[in-house]
file protein20.pdb (PDB, C-alpha atoms)
MODEL        1
ATOM      1  CA  MET A   6    -180.810 -93.220 123.760
ATOM      2  CA  LYS A   7    -181.357 -89.469 123.757
ATOM      3  CA  PRO A   8    -179.050 -87.664 126.210
ATOM      4  CA  VAL A   9    -180.654 -86.241 129.335
ATOM      5  CA  PHE A  10    -179.068 -83.061 130.667
ATOM      6  CA  ASP A  11    -179.459 -81.623 134.147
ATOM      7  CA  PHE A  12    -178.226 -78.394 135.744
ATOM      8  CA  HIS A  13    -177.839 -78.245 139.522
ATOM      9  CA  PRO A  14    -175.479 -77.554 142.429
ATOM     10  CA  ALA A  15    -172.737 -80.169 142.355
ATOM     11  CA  SER A  16    -172.883 -82.990 144.866
ATOM     12  CA  PRO A  17    -169.585 -83.784 146.639
ATOM     13  CA  GLU A  18    -169.094 -86.698 144.233
ATOM     14  CA  GLU A  19    -169.760 -84.522 141.178
ATOM     15  CA  PHE A  20    -167.400 -81.832 142.519
ATOM     16  CA  GLU A  21    -164.649 -84.446 142.873
ATOM     17  CA  ALA A  22    -165.301 -85.806 139.372
ATOM     18  CA  LEU A  23    -165.132 -82.297 137.884
ATOM     19  CA  TRP A  24    -161.877 -81.452 139.631
ATOM     20  CA  THR A  25    -160.282 -84.835 138.915
ATOM     21  CA  PHE A  26    -160.978 -84.190 135.234
ATOM     22  CA  ASN A  27    -159.592 -80.639 135.467
ATOM     23  CA  MET A  28    -156.389 -81.809 137.176
ATOM     24  CA  ASP A  29    -155.972 -84.755 134.777
ATOM     25  CA  THR A  30    -156.409 -82.378 131.832
ATOM     26  CA  HIS A  31    -153.642 -80.101 133.186
ATOM     27  CA  PRO A  32    -151.192 -82.597 134.741
ATOM     28  CA  ARG A  33    -148.167 -80.290 134.678
ATOM     29  CA  ASP A  34    -149.949 -77.273 136.133
ATOM     30  CA  GLY A  35    -149.947 -77.494 139.925
ATOM     31  CA  ARG A  36    -152.295 -74.512 140.222
ATOM     32  CA  TRP A  37    -155.252 -76.808 139.535
ATOM     33  CA  LYS A  38    -154.648 -78.706 142.795
ATOM     34  CA  VAL A  39    -154.458 -75.404 144.674
ATOM     35  CA  TRP A  40    -157.653 -74.157 143.025
ATOM     36  CA  ARG A  41    -159.429 -77.442 143.776
ATOM     37  CA  ALA A  42    -158.574 -77.120 147.480
ATOM     38  CA  GLU A  43    -159.670 -73.473 147.525
ATOM     39  CA  TYR A  44    -162.991 -74.138 145.805
ATOM     40  CA  ALA A  45    -163.722 -77.125 148.049
ATOM     41  CA  ALA A  46    -163.177 -74.879 151.084
ATOM     42  CA  LEU A  47    -165.229 -72.029 149.589
ATOM     43  CA  ASN A  48    -168.126 -74.384 148.869
ATOM     44  CA  ALA A  49    -167.941 -75.814 152.410
ATOM     45  CA  LEU A  50    -168.026 -72.293 153.889
ATOM     46  CA  GLY A  51    -170.935 -71.136 151.701
ATOM     47  CA  ILE A  52    -168.769 -68.479 150.025
ATOM     48  CA  ALA A  53    -169.170 -70.265 146.686
ATOM     49  CA  GLU A  54    -171.507 -72.755 145.063
ATOM     50  CA  THR A  55    -170.234 -74.966 142.258
ATOM     51  CA  TRP A  56    -172.829 -76.060 139.720
ATOM     52  CA  VAL A  57    -172.658 -78.930 137.268
ATOM     53  CA  VAL A  58    -174.092 -79.903 133.896
ATOM     54  CA  THR A  59    -174.671 -83.636 133.730
ATOM     55  CA  CYS A  60    -175.346 -85.785 130.681
ATOM     56  CA  ASN A  61    -177.088 -89.004 131.671
ATOM     57  CA  GLY A  62    -175.730 -88.461 135.178
ATOM     58  CA  ASP A  63    -172.098 -87.814 134.180
ATOM     59  CA  PRO A  64    -170.574 -84.346 134.808
ATOM     60  CA  VAL A  65    -169.706 -82.602 131.522
ATOM     61  CA  GLY A  66    -169.623 -78.923 132.476
ATOM     62  CA  GLU A  67    -169.382 -76.591 135.417
ATOM     63  CA  GLY A  68    -169.545 -73.095 136.788
ATOM     64  CA  THR A  69    -169.237 -71.554 140.211
ATOM     65  CA  ILE A  70    -171.150 -68.714 141.837
ATOM     66  CA  LEU A  71    -168.933 -66.665 144.117
ATOM     67  CA  TRP A  72    -171.235 -65.092 146.686
ATOM     68  CA  LYS A  73    -168.715 -63.154 148.766
ATOM     69  CA  PRO A  74    -165.433 -61.282 148.204
ATOM     70  CA  ASP A  75    -163.427 -63.698 150.401
ATOM     71  CA  CYS A  76    -161.710 -65.709 147.660
ATOM     72  CA  SER A  77    -158.736 -65.262 145.382
ATOM     73  CA  ALA A  78    -160.848 -64.923 142.212
ATOM     74  CA  VAL A  79    -162.708 -61.927 143.660
ATOM     75  CA  GLY A  80    -159.837 -60.735 145.815
ATOM     76  CA  GLY A  81    -161.939 -58.555 148.095
ATOM     77  CA  ARG A  82    -163.419 -56.562 145.208
ATOM     78  CA  ILE A  83    -166.941 -55.983 146.518
ATOM     79  CA  GLU A  84    -168.086 -54.601 143.174
ATOM     80  CA  LEU A  85    -167.738 -58.183 141.891
ATOM     81  CA  ALA A  86    -169.218 -60.087 144.854
ATOM     82  CA  ASP A  87    -170.301 -58.514 148.110
ATOM     83  CA  GLY A  88    -172.401 -61.188 149.844
ATOM     84  CA  ARG A  89    -175.573 -59.090 149.556
ATOM     85  CA  LYS A  90    -176.278 -57.637 146.109
ATOM     86  CA  ASN A  91    -173.507 -58.690 143.706
ATOM     87  CA  ALA A  92    -172.438 -62.255 142.923
ATOM     88  CA  ASN A  93    -169.786 -63.410 140.456
ATOM     89  CA  LEU A  94    -169.753 -66.212 137.878
ATOM     90  CA  ASP A  95    -166.450 -68.052 137.712
ATOM     91  CA  GLY A  96    -164.860 -71.197 136.319
ATOM     92  CA  LEU A  97    -167.224 -71.774 133.410
ATOM     93  CA  ARG A  98    -165.982 -74.915 131.667
ATOM     94  CA  MET A  99    -167.594 -77.368 129.259
ATOM     95  CA  ARG A 100    -166.097 -80.553 127.841
ATOM     96  CA  LYS A 101    -165.301 -80.084 124.160
ATOM     97  CA  ALA A 102    -167.731 -82.771 122.972
ATOM     98  CA  PHE A 103    -170.603 -80.806 124.543
ATOM     99  CA  GLU A 104    -169.747 -77.297 123.355
ATOM    100  CA  GLY A 105    -172.072 -75.484 120.969
ATOM    101  CA  GLN A 106    -175.261 -77.115 122.246
ATOM    102  CA  GLY A 107    -176.458 -74.248 124.453
ATOM    103  CA  LEU A 108    -175.651 -76.150 127.632
ATOM    104  CA  MET A 109    -173.509 -73.418 129.148
ATOM    105  CA  SER A 110    -176.226 -70.862 128.437
ATOM    106  CA  ARG A 111    -178.714 -73.059 130.276
ATOM    107  CA  LEU A 112    -176.303 -73.528 133.185
ATOM    108  CA  VAL A 113    -175.697 -69.794 133.495
ATOM    109  CA  LYS A 114    -179.451 -69.116 133.436
ATOM    110  CA  ALA A 115    -179.962 -71.652 136.230
ATOM    111  CA  MET A 116    -177.161 -70.066 138.267
ATOM    112  CA  GLU A 117    -178.577 -66.576 137.692
ATOM    113  CA  ALA A 118    -182.011 -67.787 138.825
ATOM    114  CA  LYS A 119    -180.453 -69.157 142.020
ATOM    115  CA  ALA A 120    -178.693 -65.851 142.689
ATOM    116  CA  LYS A 121    -181.914 -63.921 142.137
ATOM    117  CA  LYS A 122    -183.819 -66.318 144.411
ATOM    118  CA  ASN A 123    -181.147 -65.670 147.068
ATOM    119  CA  GLY A 124    -181.800 -61.906 146.832
ATOM    120  CA  PHE A 125    -178.914 -60.885 144.569
ATOM    121  CA  ASP A 126    -179.620 -58.135 142.022
ATOM    122  CA  VAL A 127    -176.441 -58.175 139.927
ATOM    123  CA  MET A 128    -174.290 -60.929 138.448
ATOM    124  CA  THR A 129    -170.725 -60.152 137.378
ATOM    125  CA  ILE A 130    -168.233 -61.988 135.207
ATOM    126  CA  GLY A 131    -164.631 -61.536 134.123
ATOM    127  CA  VAL A 132    -163.224 -62.264 130.683
ATOM    128  CA  ASP A 133    -159.823 -61.901 129.073
ATOM    129  CA  GLU A 134    -160.231 -59.125 126.524
ATOM    130  CA  LYS A 135    -158.447 -61.223 123.868
ATOM    131  CA  GLU A 136    -161.076 -63.981 124.200
ATOM    132  CA  LYS A 137    -163.346 -62.458 121.554
ATOM    133  CA  ARG A 138    -165.628 -65.507 121.340
ATOM    134  CA  ASN A 139    -166.283 -65.448 125.099
ATOM    135  CA  CYS A 140    -166.773 -61.659 125.009
ATOM    136  CA  ALA A 141    -169.461 -62.145 122.335
ATOM    137  CA  ILE A 142    -171.129 -64.966 124.287
ATOM    138  CA  TYR A 143    -171.225 -62.919 127.498
ATOM    139  CA  ASP A 144    -172.664 -59.964 125.587
ATOM    140  CA  HIS A 145    -175.348 -62.297 124.184
ATOM    141  CA  TRP A 146    -176.147 -63.380 127.755
ATOM    142  CA  GLY A 147    -176.633 -59.713 128.724
ATOM    143  CA  TYR A 148    -173.287 -58.960 130.391
ATOM    144  CA  ARG A 149    -172.841 -55.544 128.801
ATOM    145  CA  THR A 150    -172.106 -53.119 131.635
ATOM    146  CA  LEU A 151    -168.375 -52.602 132.043
ATOM    147  CA  ILE A 152    -167.432 -52.469 135.710
ATOM    148  CA  TYR A 153    -163.772 -51.934 134.895
ATOM    149  CA  LYS A 154    -160.804 -53.148 132.893
ATOM    150  CA  THR A 155    -157.698 -54.342 134.706
ATOM    151  CA  TRP A 156    -154.499 -56.260 134.017
ATOM    152  CA  GLU A 157    -154.065 -59.772 135.384
ATOM    153  CA  ASP A 158    -151.091 -61.994 134.562
ATOM    154  CA  GLY A 159    -149.990 -59.391 131.998
ATOM    155  CA  GLU A 160    -153.282 -59.529 130.086
ATOM    156  CA  PRO A 161    -156.241 -57.099 129.997
ATOM    157  CA  VAL A 162    -159.330 -58.477 131.715
ATOM    158  CA  LEU A 163    -162.820 -56.997 131.444
ATOM    159  CA  TYR A 164    -165.255 -57.246 134.331
ATOM    160  CA  LEU A 165    -168.863 -57.010 133.213
ATOM    161  CA  SER A 166    -172.217 -57.060 134.973
ATOM    162  CA  LYS A 167    -175.840 -57.803 134.331
ATOM    163  CA  GLU A 168    -178.921 -56.944 136.363
ATOM    164  CA  LEU A 169    -180.892 -60.045 137.291
TER
ENDMDL
END

call {"tool": "encode", "arguments": {"input": "protein20.pdb", "output": "structure tokens"}}
result
Amino acid sequence: MKPVFDFHPASPEEFEALWTFNMDTHPRDGRWKVWRAEYAALNALGIAETWVVTCNGDPVGEGTILWKPDCSAVGGRIELADGRKNANLDGLRMRKAFEGQGLMSRLVKAMEAKAKKNGFDVMTIGVDEKEKRNCAIYDHWGYRTLIYKTWEDGEPVLYLSKEL
């Protein structure tokens, strides 16, 4: 049977499946439980919207749109997400078996379309400068305008934007 992929906002059940997988994959890192609680609250408040890639109905990838600056990932930085014009992509993850098939590109395009439909003009994204593969992918997706470079957890992080 040929796999059927879908890209949409995560249902509560899909959100739980994604985060159970994330926590099970990082069993010794308690931050994942904290992040799960934060993202559940952000989704409930409409500050964020987690999206899912499904394969034959099973979640295999995810990303979250952060609409407003009221979350730890944005940290009040309105140039990243301001609730009006700028939104931020965060938490892009794909299961290894599904990498390299263009699924994340399709998910990001769907998320960008949702942001544009909601009246947002700019999408932003952060990337560790040392992650050269991700830097190249984001450039390919059109994230070429440098907002700024900062240091987080002792590492340089680039924040990039793209007009929608």

call {"tool": "atom_distance", "arguments": {"input": "protein20.pdb", "atom1": "CA of Glu84 in chain A", "atom2": "CA of Ala15 in chain A"}}
result
26.0 Å

call {"tool": "closest_residue", "arguments": {"input": "protein20.pdb", "among": "A:Glu136, A:Asp95, A:Asp75, A:Asp126", "to": "Glu168 in chain A", "atoms": "all atoms listed in the file"}}
result
A:Asp126

call {"tool": "closest_residue", "arguments": {"input": "protein20.pdb", "among": "A:Lys38, A:Lys119, A:Lys7, A:Lys114", "to": "Trp72 in chain A", "atoms": "all atoms listed in the file"}}
result
A:Lys119

call {"tool": "closest_residue", "arguments": {"input": "protein20.pdb", "among": "A:Ala53, A:Arg36, A:Met128, A:Phe26", "to": "Arg100 in chain A", "atoms": "all atoms listed in the file"}}
result
A:Phe26

call {"tool": "residues_around", "arguments": {"input": "protein20.pdb", "residues": "range 151-160 of chain A", "least_positions_apart": "6", "cutoff": "8 Å", "atoms": "all atoms listed in the file", "output": "PyMOL selection string"}}
result
chain A and resi 84+133-134+166

call {"tool": "resolve_selection", "arguments": {"input": "protein20.pdb", "expression": "the PyMOL selection byres ((chain A and resi 141-149) around 7)", "output": "VMD selection string"}}
result
chain A and resid 137 to 140 150 to 151 165 to 167

call {"tool": "atom_distance", "arguments": {"input": "protein20.pdb", "atom1": "CA of Val65 in chain A", "atom2": "CA of Ala92 in chain A"}}
result
23.5 Å

call {"tool": "closest_residue", "arguments": {"input": "protein20.pdb", "among": "A:Met109, A:Met99, A:Ile83, A:Ala42", "to": "Thr129 in chain A", "atoms": "all atoms listed in the file"}}
result
A:Ile83

call {"tool": "residues_around", "arguments": {"input": "protein20.pdb", "residues": "Gly62 in chain A", "least_positions_apart": "4", "cutoff": "8 Å", "atoms": "all atoms listed in the file", "output": "ChimeraX atom specification"}}
result
/A:9-11

call {"tool": "residues_near_point", "arguments": {"input": "protein20.pdb", "point": "(-165.5, -83.7, 140.8)", "cutoff": "12 Å", "atoms": "all atoms listed in the file", "output": "PyMOL selection string"}}
result
chain A and resi 14-29+41-42+44-45+55-59+63-67

call {"tool": "atom_distance", "arguments": {"input": "protein20.pdb", "atom1": "CA of Gly68 in chain A", "atom2": "CA of Ala115 in chain A"}}
result
10.5 Å

call {"tool": "closest_residue", "arguments": {"input": "protein20.pdb", "among": "A:Phe103, A:Ala46, A:Ala78, A:Leu97", "to": "Pro8 in chain A", "atoms": "only C-alpha atoms"}}
result
A:Phe103

call {"tool": "closest_residue", "arguments": {"input": "protein20.pdb", "among": "A:Val113, A:Ala120, A:Leu108, A:Ile130", "to": "Cys60 in chain A", "atoms": "all atoms listed in the file"}}
result
A:Leu108

call {"tool": "residues_around", "arguments": {"input": "protein20.pdb", "residues": "Lys90 in chain A", "least_positions_apart": "5", "cutoff": "8 Å", "atoms": "only C-alpha atoms", "output": "VMD selection string"}}
result
chain A and resid 124 to 127

call {"tool": "write_last_selection", "arguments": {"input": "protein20.pdb", "atoms": "C-alpha atoms", "output": "PDB file, keeping the file's coordinate frame"}}
result
ATOM      1  CA  GLY A 124    -181.800 -61.906 146.832  1.00  0.00           C
ATOM      2  CA  PHE A 125    -178.914 -60.885 144.569  1.00  0.00           C
ATOM      3  CA  ASP A 126    -179.620 -58.135 142.022  1.00  0.00           C
ATOM      4  CA  VAL A 127    -176.441 -58.175 139.927  1.00  0.00           C
TER       5      VAL A 127
END

call {"tool": "residues_around", "arguments": {"input": "protein20.pdb", "residues": "Ile70 in chain A", "least_positions_apart": "2", "cutoff": "6 Å", "atoms": "only C-alpha atoms", "output": "PDB file with C-alpha atoms, keeping the file's coordinate frame"}}
result
ATOM      1  CA  ALA A  53    -169.170 -70.265 146.686  1.00  0.00           C
ATOM      2  CA  GLU A  54    -171.507 -72.755 145.063  1.00  0.00           C
ATOM      3  CA  ASN A  93    -169.786 -63.410 140.456  1.00  0.00           C
ATOM      4  CA  LEU A  94    -169.753 -66.212 137.878  1.00  0.00           C
TER       5      LEU A  94
END
